[in-house]
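Text of target_15.txt, listed as compact mmCIF, C-alpha atoms and all ligand atoms:
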# COMPACT_ATOMS: atom_id res chain seq x y z
CA MET A 29 102.27 94.99 137.00
CA THR A 30 100.68 98.32 136.22
CA ILE A 31 100.13 99.26 132.65
CA THR A 32 98.16 102.41 132.65
CA ASN A 33 98.37 103.10 128.96
CA GLY A 34 95.38 101.84 127.08
CA GLY A 35 95.23 98.97 129.50
CA PHE A 36 91.75 97.90 128.54
CA GLU A 37 92.73 94.30 128.71
CA SER A 38 94.89 94.69 131.76
CA SER A 39 93.45 93.64 135.05
CA SER A 40 95.07 96.76 136.44
CA THR A 41 92.90 99.14 134.41
CA SER A 42 92.67 102.22 136.46
CA ALA A 43 91.05 105.53 135.84
CA VAL A 44 93.94 106.30 133.52
CA VAL A 45 92.96 105.30 130.02
CA ARG A 46 95.52 106.39 127.52
CA ASN A 47 94.48 105.14 124.11
CA ALA A 48 94.12 108.25 122.02
CA ALA A 49 90.74 107.04 120.90
CA SER A 50 89.82 106.28 124.47
CA ALA A 51 86.19 107.27 124.32
CA SER A 52 85.36 104.76 121.61
CA ALA A 53 87.59 102.09 123.01
CA ALA A 54 86.18 102.45 126.48
CA SER A 55 82.65 102.28 125.15
CA GLY A 56 83.49 99.04 123.39
CA ALA A 57 83.15 100.34 119.82
CA GLU A 58 84.66 98.22 117.06
CA HIS A 59 85.46 101.22 114.92
CA VAL A 60 86.52 104.69 115.90
CA THR A 61 84.58 107.26 113.98
CA GLU A 62 85.45 110.41 115.87
CA PRO A 63 88.48 112.28 114.58
CA VAL A 64 91.68 111.93 116.61
CA ALA A 65 94.43 114.56 116.42
CA TYR A 66 97.44 112.27 116.04
CA ASP A 67 100.81 113.96 116.09
CA ALA A 68 102.94 111.19 114.60
CA ILE A 69 102.88 107.82 112.85
CA LEU A 70 104.67 104.91 114.51
CA LEU A 71 105.99 102.53 111.84
CA ALA A 72 106.35 99.28 113.79
CA SER A 73 108.17 96.31 112.36
CA PHE A 74 109.88 93.03 113.16
CA GLY A 75 113.52 94.13 112.91
CA GLY A 76 116.45 92.04 111.74
CA PRO A 77 120.21 91.69 112.20
CA GLU A 78 122.57 94.07 110.40
CA GLY A 79 125.79 92.07 110.65
CA GLN A 80 127.14 88.64 111.63
CA ASP A 81 127.54 89.67 115.29
CA ASP A 82 123.86 90.58 115.51
CA VAL A 83 122.53 87.22 114.30
CA ILE A 84 122.51 85.21 117.54
CA PRO A 85 121.40 88.07 119.84
CA PHE A 86 118.59 88.84 117.38
CA LEU A 87 117.45 85.21 117.31
CA ARG A 88 117.52 85.11 121.10
CA ASN A 89 115.29 88.21 121.20
CA VAL A 90 112.79 86.62 118.83
CA THR A 91 112.62 83.20 120.44
CA ARG A 92 112.89 83.91 124.16
CA GLY A 93 110.56 81.54 126.01
CA ARG A 94 109.17 80.04 122.78
CA GLY A 95 110.42 76.48 122.95
CA ILE A 96 112.03 76.70 119.50
CA PRO A 97 114.50 73.77 119.19
CA GLU A 98 118.21 74.70 119.16
CA GLU A 99 118.66 72.99 115.74
CA ARG A 100 116.03 75.27 114.25
CA LEU A 101 117.91 78.32 115.56
CA GLU A 102 121.13 77.07 113.99
CA GLU A 103 119.30 76.47 110.75
CA VAL A 104 117.84 79.98 110.73
CA ALA A 105 121.20 81.52 111.76
CA HIS A 106 122.59 79.85 108.64
CA HIS A 107 120.02 81.66 106.45
CA TYR A 108 121.13 85.01 107.86
CA ARG A 109 124.83 84.07 107.68
CA ALA A 110 124.43 83.30 103.98
CA PHE A 111 123.36 86.93 103.53
CA GLY A 112 126.35 88.32 105.45
CA GLY A 113 124.37 88.39 108.69
CA VAL A 114 122.22 91.16 107.27
CA SER A 115 118.45 90.88 107.00
CA PRO A 116 116.99 92.91 104.16
CA ILE A 117 114.11 93.99 106.39
CA ASN A 118 115.69 97.07 107.95
CA ASP A 119 116.63 98.69 104.64
CA GLN A 120 113.14 97.87 103.38
CA ASN A 121 111.67 99.71 106.36
CA ARG A 122 114.00 102.67 105.80
CA GLU A 123 112.70 102.80 102.23
CA LEU A 124 109.10 102.45 103.36
CA LYS A 125 109.56 105.25 105.91
CA ALA A 126 111.01 107.50 103.21
CA ALA A 127 108.17 106.59 100.84
CA LEU A 128 105.53 107.33 103.49
CA GLU A 129 107.19 110.69 104.20
CA ALA A 130 107.25 111.55 100.50
CA GLU A 131 103.56 110.64 100.14
CA LEU A 132 102.64 112.72 103.21
CA GLU A 133 104.55 115.67 101.80
CA ARG A 134 102.92 115.22 98.41
CA ARG A 135 99.50 115.41 100.10
CA GLY A 136 100.55 118.37 102.26
CA ILE A 137 100.09 116.47 105.54
CA ASP A 138 102.35 117.36 108.46
CA LEU A 139 102.69 114.05 110.28
CA PRO A 140 106.18 112.82 111.19
CA VAL A 141 106.99 109.09 110.87
CA LEU A 142 108.89 107.37 113.69
CA TRP A 143 110.26 103.86 113.15
CA GLY A 144 110.73 101.20 115.81
CA ASN A 145 111.09 97.40 115.79
CA ARG A 146 109.94 94.63 118.08
CA ASN A 147 113.14 92.58 117.91
CA TRP A 148 116.07 94.75 116.86
CA ASP A 149 117.54 98.20 116.79
CA PRO A 150 115.93 100.74 116.45
CA TYR A 151 113.55 99.28 119.05
CA LEU A 152 110.01 100.43 119.72
CA ARG A 153 111.25 101.94 122.99
CA ASP A 154 113.71 104.12 121.01
CA ALA A 155 110.88 105.43 118.85
CA LEU A 156 108.82 106.21 121.97
CA THR A 157 111.75 108.03 123.56
CA GLU A 158 112.07 110.08 120.40
CA ALA A 159 108.33 110.78 120.46
CA SER A 160 108.54 112.09 124.00
CA GLU A 161 111.59 114.23 123.19
CA ARG A 162 109.66 115.78 120.33
CA GLY A 163 106.58 116.34 122.48
CA PHE A 164 104.32 113.83 120.72
CA THR A 165 101.55 112.30 122.82
CA LYS A 166 99.15 110.66 120.34
CA LEU A 167 100.62 108.06 118.01
CA ILE A 168 98.95 105.98 115.34
CA ALA A 169 100.82 102.74 114.69
CA ILE A 170 101.19 100.97 111.36
CA GLY A 171 102.49 97.43 111.91
CA THR A 172 104.19 95.85 108.89
CA SER A 173 101.83 92.94 109.01
CA ALA A 174 98.43 92.68 107.35
CA TYR A 175 96.58 89.74 108.95
CA SER A 176 95.16 88.69 112.31
CA SER A 177 97.01 86.24 114.56
CA TYR A 178 99.11 86.33 117.70
CA SER A 179 102.37 86.82 115.77
CA SER A 180 101.00 89.23 113.18
CA CYS A 181 98.77 91.41 115.35
CA ARG A 182 98.46 90.83 119.05
CA GLN A 183 102.21 90.50 119.68
CA TYR A 184 102.67 93.96 118.19
CA ARG A 185 99.98 95.28 120.56
CA GLU A 186 101.65 93.62 123.54
CA ASP A 187 105.00 95.05 122.52
CA TYR A 188 103.58 98.59 122.32
CA ALA A 189 102.43 98.14 125.92
CA ILE A 190 105.81 96.73 126.98
CA ALA A 191 107.71 99.59 125.28
CA LEU A 192 105.57 102.14 127.12
CA GLU A 193 106.26 100.38 130.36
CA GLU A 194 110.02 100.16 129.68
CA THR A 195 110.24 103.86 128.91
CA GLY A 196 107.92 104.92 131.73
CA LEU A 197 105.93 106.90 129.16
CA GLY A 198 102.64 105.13 129.75
CA ASP A 199 101.01 108.20 131.25
CA VAL A 200 102.32 110.51 128.55
CA ILE A 201 101.99 108.76 125.21
CA ALA A 202 98.90 107.02 123.82
CA ILE A 203 99.08 104.57 120.95
CA ASP A 204 96.33 103.46 118.59
CA LYS A 205 96.83 101.18 115.58
CA VAL A 206 95.35 101.15 112.09
CA ARG A 207 93.13 98.15 111.33
CA GLN A 208 94.67 94.95 109.95
CA PHE A 209 94.78 95.75 106.24
CA PHE A 210 94.77 92.33 104.50
CA ASP A 211 91.80 93.34 102.36
CA HIS A 212 92.69 96.98 101.77
CA PRO A 213 93.05 97.69 98.03
CA GLY A 214 96.49 99.24 98.60
CA PHE A 215 97.79 95.94 99.94
CA VAL A 216 95.97 93.68 97.47
CA GLU A 217 96.58 95.60 94.22
CA PRO A 218 100.34 94.83 94.05
CA PHE A 219 99.55 91.10 94.32
CA ILE A 220 96.90 91.34 91.60
CA GLU A 221 99.46 92.96 89.29
CA GLY A 222 102.15 90.51 90.31
CA VAL A 223 100.03 87.45 89.57
CA ARG A 224 99.02 88.91 86.21
CA GLN A 225 102.71 89.33 85.34
CA GLY A 226 103.59 85.91 86.75
CA LEU A 227 100.94 84.19 84.63
CA ALA A 228 102.20 86.11 81.59
CA ASP A 229 105.76 84.92 82.29
CA VAL A 230 104.53 81.33 82.48
CA ALA A 231 102.54 81.69 79.27
CA ALA A 232 105.60 83.19 77.55
CA LYS A 233 107.42 79.93 78.37
CA GLY A 234 104.74 78.11 76.40
CA ILE A 235 103.31 76.36 79.46
CA PRO A 236 99.51 76.06 79.23
CA LEU A 237 97.20 77.32 81.99
CA GLU A 238 96.02 73.75 82.72
CA GLN A 239 99.56 72.90 83.82
CA THR A 240 99.98 76.06 85.90
CA HIS A 241 99.19 76.44 89.60
CA VAL A 242 99.16 79.58 91.73
CA LEU A 243 100.54 79.02 95.24
CA PHE A 244 99.58 81.67 97.78
CA SER A 245 102.14 81.36 100.54
CA THR A 246 102.09 82.66 104.08
CA HIS A 247 103.91 82.09 107.36
CA SER A 248 102.84 78.93 109.11
CA ILE A 249 101.80 79.41 112.74
CA PRO A 250 100.93 76.91 115.48
CA SER A 251 97.43 75.50 114.90
CA THR A 252 96.41 76.58 118.40
CA ASP A 253 97.36 80.21 117.55
CA ALA A 254 95.46 79.97 114.28
CA ALA A 255 92.32 78.71 116.00
CA LYS A 256 92.45 81.71 118.35
CA SER A 257 93.09 84.30 115.64
CA GLY A 258 90.48 87.01 115.31
CA PRO A 259 87.71 87.85 117.76
CA ALA A 260 86.59 85.04 120.01
CA SER A 261 82.99 85.90 119.13
CA ARG A 262 83.30 85.08 115.40
CA GLY A 263 83.62 81.49 114.29
CA PHE A 264 86.14 81.09 111.50
CA GLY A 265 86.71 77.36 111.71
CA GLU A 266 89.98 75.54 112.27
CA GLY A 267 92.47 77.99 110.79
CA GLY A 268 90.70 80.92 112.49
CA ALA A 269 90.60 84.41 111.04
CA TYR A 270 94.21 83.98 109.90
CA ALA A 271 93.43 81.28 107.32
CA ALA A 272 90.03 82.80 106.45
CA GLN A 273 91.59 86.18 105.64
CA HIS A 274 94.28 84.67 103.43
CA LEU A 275 91.74 82.55 101.55
CA ALA A 276 89.45 85.53 101.04
CA VAL A 277 92.29 87.72 99.69
CA ALA A 278 93.52 84.91 97.42
CA GLU A 279 90.01 84.65 95.95
CA VAL A 280 90.03 88.38 95.21
CA VAL A 281 93.44 88.17 93.54
CA ILE A 282 92.34 85.23 91.38
CA ALA A 283 89.00 86.82 90.47
CA ALA A 284 90.88 89.88 89.18
CA GLN A 285 92.81 87.82 86.61
CA ASP A 286 91.71 87.31 83.00
CA ALA A 287 92.49 83.63 83.31
CA ALA A 288 91.19 81.29 86.01
CA PRO A 289 94.19 79.22 87.13
CA ALA A 290 94.06 76.50 89.77
CA TRP A 291 95.32 77.78 93.13
CA SER A 292 95.83 76.90 96.76
CA LEU A 293 96.94 78.39 100.07
CA VAL A 294 100.19 76.95 101.42
CA TYR A 295 102.44 77.63 104.38
CA GLN A 296 106.15 78.23 104.90
CA SER A 297 108.78 78.90 107.57
CA ARG A 298 107.46 76.47 110.18
CA SER A 299 109.65 76.51 113.26
CA GLY A 300 108.21 74.77 116.34
CA PRO A 301 109.04 71.26 117.55
CA PRO A 302 107.69 68.49 115.26
CA SER A 303 105.33 67.40 118.03
CA MET A 304 103.42 70.69 117.81
CA PRO A 305 100.89 71.00 114.97
CA TRP A 306 101.42 74.01 112.69
CA LEU A 307 99.35 75.06 109.69
CA GLU A 308 99.93 72.90 106.59
CA PRO A 309 100.61 72.04 103.79
CA ASP A 310 104.18 73.22 103.52
CA ILE A 311 104.91 74.92 100.20
CA ASN A 312 107.70 72.48 99.32
CA ASP A 313 105.46 69.46 99.88
CA SER A 314 102.81 71.09 97.70
CA ILE A 315 105.26 71.73 94.87
CA THR A 316 106.39 68.10 94.99
CA GLU A 317 102.82 66.85 94.98
CA LEU A 318 101.76 69.17 92.16
CA ALA A 319 104.74 68.06 90.05
CA GLY A 320 103.58 64.47 90.53
CA LYS A 321 100.20 65.47 89.13
CA GLY A 322 101.71 66.97 85.99
CA VAL A 323 101.93 70.64 86.96
CA LYS A 324 104.72 72.31 84.97
CA ALA A 325 104.69 75.84 86.39
CA VAL A 326 103.94 77.52 89.71
CA VAL A 327 103.35 81.19 90.39
CA ILE A 328 104.44 81.75 94.00
CA VAL A 329 102.62 84.60 95.73
CA PRO A 330 104.05 85.75 99.11
CA LEU A 331 100.57 86.79 100.21
CA GLY A 332 101.41 86.88 103.92
CA PHE A 333 104.25 89.37 103.65
CA VAL A 334 104.65 93.07 103.02
CA SER A 335 108.29 93.11 101.90
CA ASP A 336 110.98 90.83 100.48
CA HIS A 337 112.57 90.06 103.86
CA MET A 338 114.40 86.91 104.87
CA GLU A 339 111.34 84.64 104.96
CA VAL A 340 110.80 85.54 101.31
CA LYS A 341 114.45 85.56 100.21
CA TRP A 342 115.29 82.26 101.86
CA ASP A 343 112.15 80.18 102.21
CA LEU A 344 110.73 81.13 98.82
CA ASP A 345 113.56 82.41 96.59
CA THR A 346 116.05 79.83 97.79
CA GLU A 347 114.23 76.75 99.10
CA ALA A 348 110.97 76.75 97.14
CA MET A 349 112.90 77.62 93.97
CA GLU A 350 115.23 74.66 94.56
CA THR A 351 112.29 72.34 95.15
CA SER A 352 110.70 73.54 91.92
CA ALA A 353 113.92 73.06 89.96
CA GLU A 354 114.36 69.53 91.37
CA HIS A 355 110.96 68.60 89.98
CA ASP A 356 111.41 70.40 86.70
CA VAL A 357 108.68 72.87 87.56
CA PHE A 358 109.08 76.41 86.21
CA ALA A 359 108.57 78.87 89.09
CA VAL A 360 108.08 82.63 89.29
CA ARG A 361 107.89 84.51 92.55
CA VAL A 362 105.59 87.53 92.63
CA PRO A 363 106.87 90.72 94.36
CA THR A 364 105.63 91.77 97.81
CA PRO A 365 103.98 95.23 98.16
CA GLY A 366 107.31 96.75 99.28
CA VAL A 367 107.09 100.43 98.35
CA HIS A 368 104.50 100.01 95.58
CA ALA A 369 102.70 103.35 95.18
CA ALA A 370 99.28 101.80 95.86
CA TYR A 371 100.52 100.24 99.10
CA VAL A 372 102.24 103.38 100.38
CA SER A 373 99.23 105.50 99.56
CA GLY A 374 96.91 102.90 101.12
CA LEU A 375 98.82 103.02 104.39
CA ILE A 376 98.43 106.79 104.50
CA ASP A 377 94.70 106.37 103.77
CA LEU A 378 94.47 104.00 106.74
CA VAL A 379 96.01 106.65 108.99
CA LEU A 380 93.69 109.37 107.67
CA GLU A 381 90.71 107.06 108.14
CA ARG A 382 91.44 107.20 111.87
CA ARG A 383 92.58 110.82 112.05
CA ASP A 384 89.42 111.97 110.29
CA GLY A 385 87.02 109.42 111.79
CA VAL A 386 85.85 108.15 108.40
CA PRO A 387 82.48 106.32 108.62
CA VAL A 388 82.79 102.55 108.37
CA ALA A 389 80.67 102.37 105.20
CA GLU A 390 83.23 104.55 103.41
CA ARG A 391 86.24 102.44 104.35
CA PRO A 392 87.56 100.35 101.49
CA SER A 393 87.73 96.58 101.93
CA LEU A 394 87.81 94.00 99.17
CA THR A 395 86.48 91.02 101.14
CA GLU A 396 83.34 90.31 103.11
CA LEU A 397 85.45 89.97 106.24
CA GLY A 398 86.37 93.64 106.54
CA PRO A 399 86.85 96.47 107.13
CA TRP A 400 88.65 94.95 110.12
CA TYR A 401 88.38 96.36 113.67
CA ASP A 402 90.10 99.54 114.85
CA VAL A 403 89.84 98.31 118.42
CA CYS A 404 90.61 94.61 118.78
CA ARG A 405 87.79 92.50 120.14
CA PRO A 406 87.75 90.65 123.45
CA GLY A 407 90.10 87.67 123.44
CA CYS A 408 91.35 88.55 119.96
CA CYS A 409 94.42 86.54 118.89
CA GLU A 410 95.23 85.31 122.37
CA ASN A 411 98.13 82.95 122.80
CA VAL A 412 97.26 79.88 124.82
CA ARG A 413 100.89 78.67 124.82
CA LEU A 414 102.36 81.83 126.28
CA GLY A 415 99.47 83.03 128.40
CA PHE A 416 97.81 86.38 128.80
CA LYS A 417 99.72 89.66 128.51
CA PRO A 418 98.20 93.13 128.45
CA ALA A 419 97.93 94.66 125.00
CA LEU A 420 97.03 98.11 123.69
CA ALA A 421 94.30 98.96 121.22
CA GLY A 422 91.85 96.33 122.41
CA VAL A 423 88.78 96.15 124.58
CA VAL A 424 87.68 93.86 127.40
CA PRO A 425 84.25 92.23 127.39
C1 LIG A 501 102.86 85.17 111.21
C2 LIG A 501 104.33 85.54 111.17
C3 LIG A 501 104.92 86.52 110.39
C4 LIG A 501 104.23 87.45 109.40
C5 LIG A 501 103.76 88.70 110.06
C6 LIG A 501 104.84 89.72 110.32
O1 LIG A 501 105.54 90.07 109.38
O2 LIG A 501 104.98 90.18 111.47
C7 LIG A 501 106.32 86.52 110.70
C8 LIG A 501 107.24 87.41 110.15
C9 LIG A 501 108.61 87.40 110.34
N1 LIG A 501 109.33 86.45 111.03
C10 LIG A 501 110.66 86.82 110.99
C11 LIG A 501 111.71 86.13 111.61
C12 LIG A 501 111.54 85.08 112.50
N2 LIG A 501 110.36 84.52 112.94
C13 LIG A 501 110.62 83.51 113.85
C14 LIG A 501 109.68 82.71 114.51
C15 LIG A 501 108.30 82.73 114.33
N3 LIG A 501 107.59 83.50 113.42
C16 LIG A 501 106.23 83.25 113.56
C17 LIG A 501 105.20 83.84 112.83
C18 LIG A 501 105.37 84.91 111.93
N4 LIG A 501 106.55 85.53 111.61
C19 LIG A 501 106.08 82.27 114.59
C20 LIG A 501 104.77 81.73 115.08
C21 LIG A 501 107.35 81.95 115.05
C22 LIG A 501 107.72 80.99 116.17
C23 LIG A 501 108.06 81.74 117.42
C24 LIG A 501 106.84 82.27 118.12
O3 LIG A 501 106.04 81.45 118.61
O4 LIG A 501 106.66 83.49 118.17
C25 LIG A 501 112.03 83.44 114.03
C26 LIG A 501 112.75 82.51 114.96
C27 LIG A 501 113.41 81.43 114.21
C28 LIG A 501 112.42 80.56 113.53
O5 LIG A 501 111.76 79.83 114.27
O6 LIG A 501 112.25 80.66 112.33
C29 LIG A 501 112.60 84.41 113.18
C30 LIG A 501 114.08 84.71 112.99
C31 LIG A 501 110.79 88.04 110.24
C32 LIG A 501 112.10 88.80 109.97
C33 LIG A 501 112.63 88.39 108.64
C34 LIG A 501 113.93 89.08 108.34
O7 LIG A 501 114.80 89.15 109.20
O8 LIG A 501 114.08 89.59 107.22
C35 LIG A 501 109.53 88.39 109.85
C36 LIG A 501 109.12 89.61 109.05
FE FE A 502 108.49 84.84 112.04
Output the file's structure as structure tokens, nothing else.
Amino acid sequence: MTITNGGFESSSTSAVVRNAASASAASGAEHVTEPVAYDAILLASFGGPEGQDDVIPFLRNVTRGRGIPEERLEEVAHHYRAFGGVSPINDQNRELKAALEAELERRGIDLPVLWGNRNWDPYLRDALTEASERGFTKLIAIGTSAYSSYSSCRQYREDYAIALEETGLGDVIAIDKVRQFFDHPGFVEPFIEGVRQGLADVAAKGIPLEQTHVLFSTHSIPSTDAAKSGPASRGFGEGGAYAAQHLAVAEVVIAAQDAAPAWSLVYQSRSGPPSMPWLEPDINDSITELAGKGVKAVVIVPLGFVSDHMEVKWDLDTEAMETSAEHDVFAVRVPTPGVHAAYVSGLIDLVLERRDGVPVAERPSLTELGPWYDVCRPGCCENVRLGFKPALAGVVP
């Protein structure tokens, strides 16, 4: 297989190196501090079904070759069916695209936004076809996912490479990506506000802080993926960079509150076979356990997600709410960043950081872990289950 575009991790790397920031990437730099004249933003997301007939084909796209049990697929199909077969994620991305365009216009920046998904229409390949029709050759991608792991970072990078291959545009279009933005103030600020409001709602119910617990929730992933998340060269312990990043952001969110509630990091939306270890504890088990210890209220923070898509609407607003009600625990769910002004503006800042080659010391990051890499490190977020695939925006040892 020949992937000539940005194929730094491809064994077939030839003389053709097509990352826009190729000089830095080729030299192995972690951050790109020379300006790059991007001509469009690629808003890259997960995608979701838009009607009952889309549900099964969508799920097949997502789970191809993943060993997800058939019962789990039926279960997840049921979540989508309950919402008319329509995932909220596409409309949320349409709104985000419009909000990004409005912010660009407000700042007087002429940078079109193209939108493409990994798993449903409009696909990444459609966005690349549009880019080529409009004569764009240097794209900067924003993935709707803030953390490091195979599912939340590397898979996007692989899918950029696949879309270039599918469209035959690998020699024409170059794609870079903004850094993972888990600790960017634009992403964190909405959660800080949300937790403040959530704690106020709990207090208004007359429930004391000592009986309140903040649950930061994120998508569970296989433990083997978690261990491999982030650069191979940095030791992050068992949960890898994925767990470390969530814990670090949760600490920032808690430190920004007036009160100091008890909190923990929990996981949701597990899907593999029971024999395969995934990150735990599950949010529902935690709620049950906390109730047993006398907790009367939980503030649920969807820290792993950027919008109120199905994993939030079903796994939190439906299931976790039911679990809370069963145990007589008052629960509030904090909003995701969505189209919060700070988030939208932060995403534009991340693009400008790359366009203008902003020095690393001037890049905002609220945790000690960041600012995260512009060019993913060797072995970053590899998937031992699925094996090696070439990915853009990374570097080989
Ligand atoms: C880390 C992570 C994020 C957060 C980062 C990000 O946002 O990218 C995320 C987001 C999302 N996951 C989504 C949907 C699904 N994820 C699935 C399956 C899986 N997710 C995984 C991980 C993640 N997933 C994993 C390790 C699997 C197992 C399969 C595999 O090994 O790759 C399946 C298959 C059925 C099931 O098993 O549940 C579905 C339908 C939607 C769309 C929601 C909507 O439609 O509104 C979104 C935003
Ligand atoms: Fe998922």
Can you list, as a PyMOL selection string, every protein, DNA or RNA residue that comes within 12 Å of Arg122 of chain A when you count only C-alpha atoms, leaving out same-chain residues fewer than 5 positions away? chain A and resi 71-73+75+116-117+127-129+141-145+150+335+366-367
Report task. Could you report the residues within 6 Å of ligand LIG 501 (chain A), using only C-alpha atoms and all ligand atoms, as a list in words? Result ->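 With only C-alpha atoms and all ligand atoms and a cut-off of 6 Å, ligand LIG 501 (chain A) is contacted by Phe74, Gly76, Leu87, Val90, Thr91, Arg94, Leu101, Val104, Ser115, Pro116, Ile117, Thr172, Ser173, Ser179, Ser180, His247, Ile249, Ser299, Phe333, His337, Met338 and Glu339 of chain A.
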I need every residue sitting at most 12 Å from the point (113.1, 80.9, 96.5) (coordinates as in the file, all atoms listed in the file considered), written as a PyMOL selection string. chain A and resi 245+296+311-312+326-330+336-353+358-363
Practice problem: Write out as a ChimeraX atom specification the residues lying within 9 Å of Arg153 of chain A, counting only C-alpha atoms and excluding same-chain residues fewer than 2 positions away. | Solution: /A:144-146,150-151,155-158,188,190-192,194-195
Open item on the list: Excluding Glu131 of chain A and its own-chain neighbours fewer than 5 positions away, which residues fall within 10 Å of it when counting all atoms listed in the file? Please give them as an MDAnalysis selection string.
Closed with: chainID A and resid 125:126 136:137 369 372:373 375:376
Correct to one decimal, the distance atom CA of Gly163 of chain A-atom CA of Asp204 of chain A is 16.9 Å
Quiz item: Closest to ligand FE 502 (chain A) among A:Ser297, A:Ser257, A:Thr240, A:Asn121, using only C-alpha atoms and all ligand atoms?
Solution: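 Once distances to ligand FE 502 (chain A) are computed over only C-alpha atoms and all ligand atoms, the minimum belongs to A:Ser297.
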So which one's closest to Val83 of chain A, A:Asn147, A:Gln120, A:Thr61, A:Ser292? Using only C-alpha atoms, please.
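Among A:Asn147, A:Gln120, A:Thr61, A:Ser292, it is A:Asn147 that comes nearest to Val83 of chain A.
Take atom CA of Ser177 of chain A and atom CA of Cys409 of chain A: the distance between them is 5.1 Å.
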Residue with smallest distance to ligand FE 502 (chain A) - pool A:Gly332, A:Gly385, A:Gly79, A:Gly374, counting only C-alpha atoms and all ligand atoms
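Answer, going by the shortest atom-to-atom distance: A:Gly332.
Between atom CA of Ile315 of chain A and atom CA of Thr246 of chain A the interatomic distance comes to 14.6 Å.
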Box for segment 113-124 of chain A - axis-aligned, 5 Å on each of the six sides, all listed atoms - centre and size in Å to one decimal, as lines of an AutoDock Vina configuration file.
center_x = 116.7
center_y = 95.6
center_z = 105.5
size_x = 25.3
size_y = 24.4
size_z = 16.5
Can you tell me, as a PDB file with C-alpha atoms, in the coordinates of the input, what residues are no more than 8 Å from segment 272-289 of chain A when counting only C-alpha atoms, ignoring any on the same chain fewer than 6 positions away?
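What follows is the written file out.pdb:
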ATOM      1  CA  TYR A 175      96.580  89.740 108.950  1.00  0.00           C
ATOM      2  CA  SER A 176      95.160  88.690 112.310  1.00  0.00           C
ATOM      3  CA  PHE A 210      94.770  92.330 104.500  1.00  0.00           C
ATOM      4  CA  ASP A 211      91.800  93.340 102.360  1.00  0.00           C
ATOM      5  CA  VAL A 216      95.970  93.680  97.470  1.00  0.00           C
ATOM      6  CA  PHE A 219      99.550  91.100  94.320  1.00  0.00           C
ATOM      7  CA  ILE A 220      96.900  91.340  91.600  1.00  0.00           C
ATOM      8  CA  VAL A 223     100.030  87.450  89.570  1.00  0.00           C
ATOM      9  CA  ARG A 224      99.020  88.910  86.210  1.00  0.00           C
ATOM     10  CA  LEU A 237      97.200  77.320  81.990  1.00  0.00           C
ATOM     11  CA  GLU A 238      96.020  73.750  82.720  1.00  0.00           C
ATOM     12  CA  THR A 240      99.980  76.060  85.900  1.00  0.00           C
ATOM     13  CA  HIS A 241      99.190  76.440  89.600  1.00  0.00           C
ATOM     14  CA  VAL A 242      99.160  79.580  91.730  1.00  0.00           C
ATOM     15  CA  PHE A 244      99.580  81.670  97.780  1.00  0.00           C
ATOM     16  CA  PHE A 264      86.140  81.090 111.500  1.00  0.00           C
ATOM     17  CA  LEU A 331     100.570  86.790 100.210  1.00  0.00           C
ATOM     18  CA  GLY A 332     101.410  86.880 103.920  1.00  0.00           C
ATOM     19  CA  LEU A 394      87.810  94.000  99.170  1.00  0.00           C
ATOM     20  CA  THR A 395      86.480  91.020 101.140  1.00  0.00           C
ATOM     21  CA  LEU A 397      85.450  89.970 106.240  1.00  0.00           C
TER      22      LEU A 397
END
**Message:** Every residue with an atom at most 10 Å from (126.3, 88.3, 106.0) (file coordinates; only C-alpha atoms) is what I'm after, so could you write them as a count of residues only?
**Reply:** 16
Using all atoms listed in the file for the distances, tell me which of A:Ser393, A:Ser160, A:Ser314, A:Ser251 is nearest to Leu197 of chain A.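 Result for the nearest residue to Leu197 of chain A: A:Ser160.
Restricting the calculation to only C-alpha atoms and all ligand atoms, the smallest distance between ligand FE 502 (chain A) and any of A:Leu378, A:Ile96, A:Ala202, A:Val323 is found for A:Ile96.
In this comparison, which uses only C-alpha atoms and all ligand atoms, the residue of A:His212, A:Arg162, A:Pro250, A:Trp400 approaching ligand FE 502 (chain A) most closely is A:Pro250.
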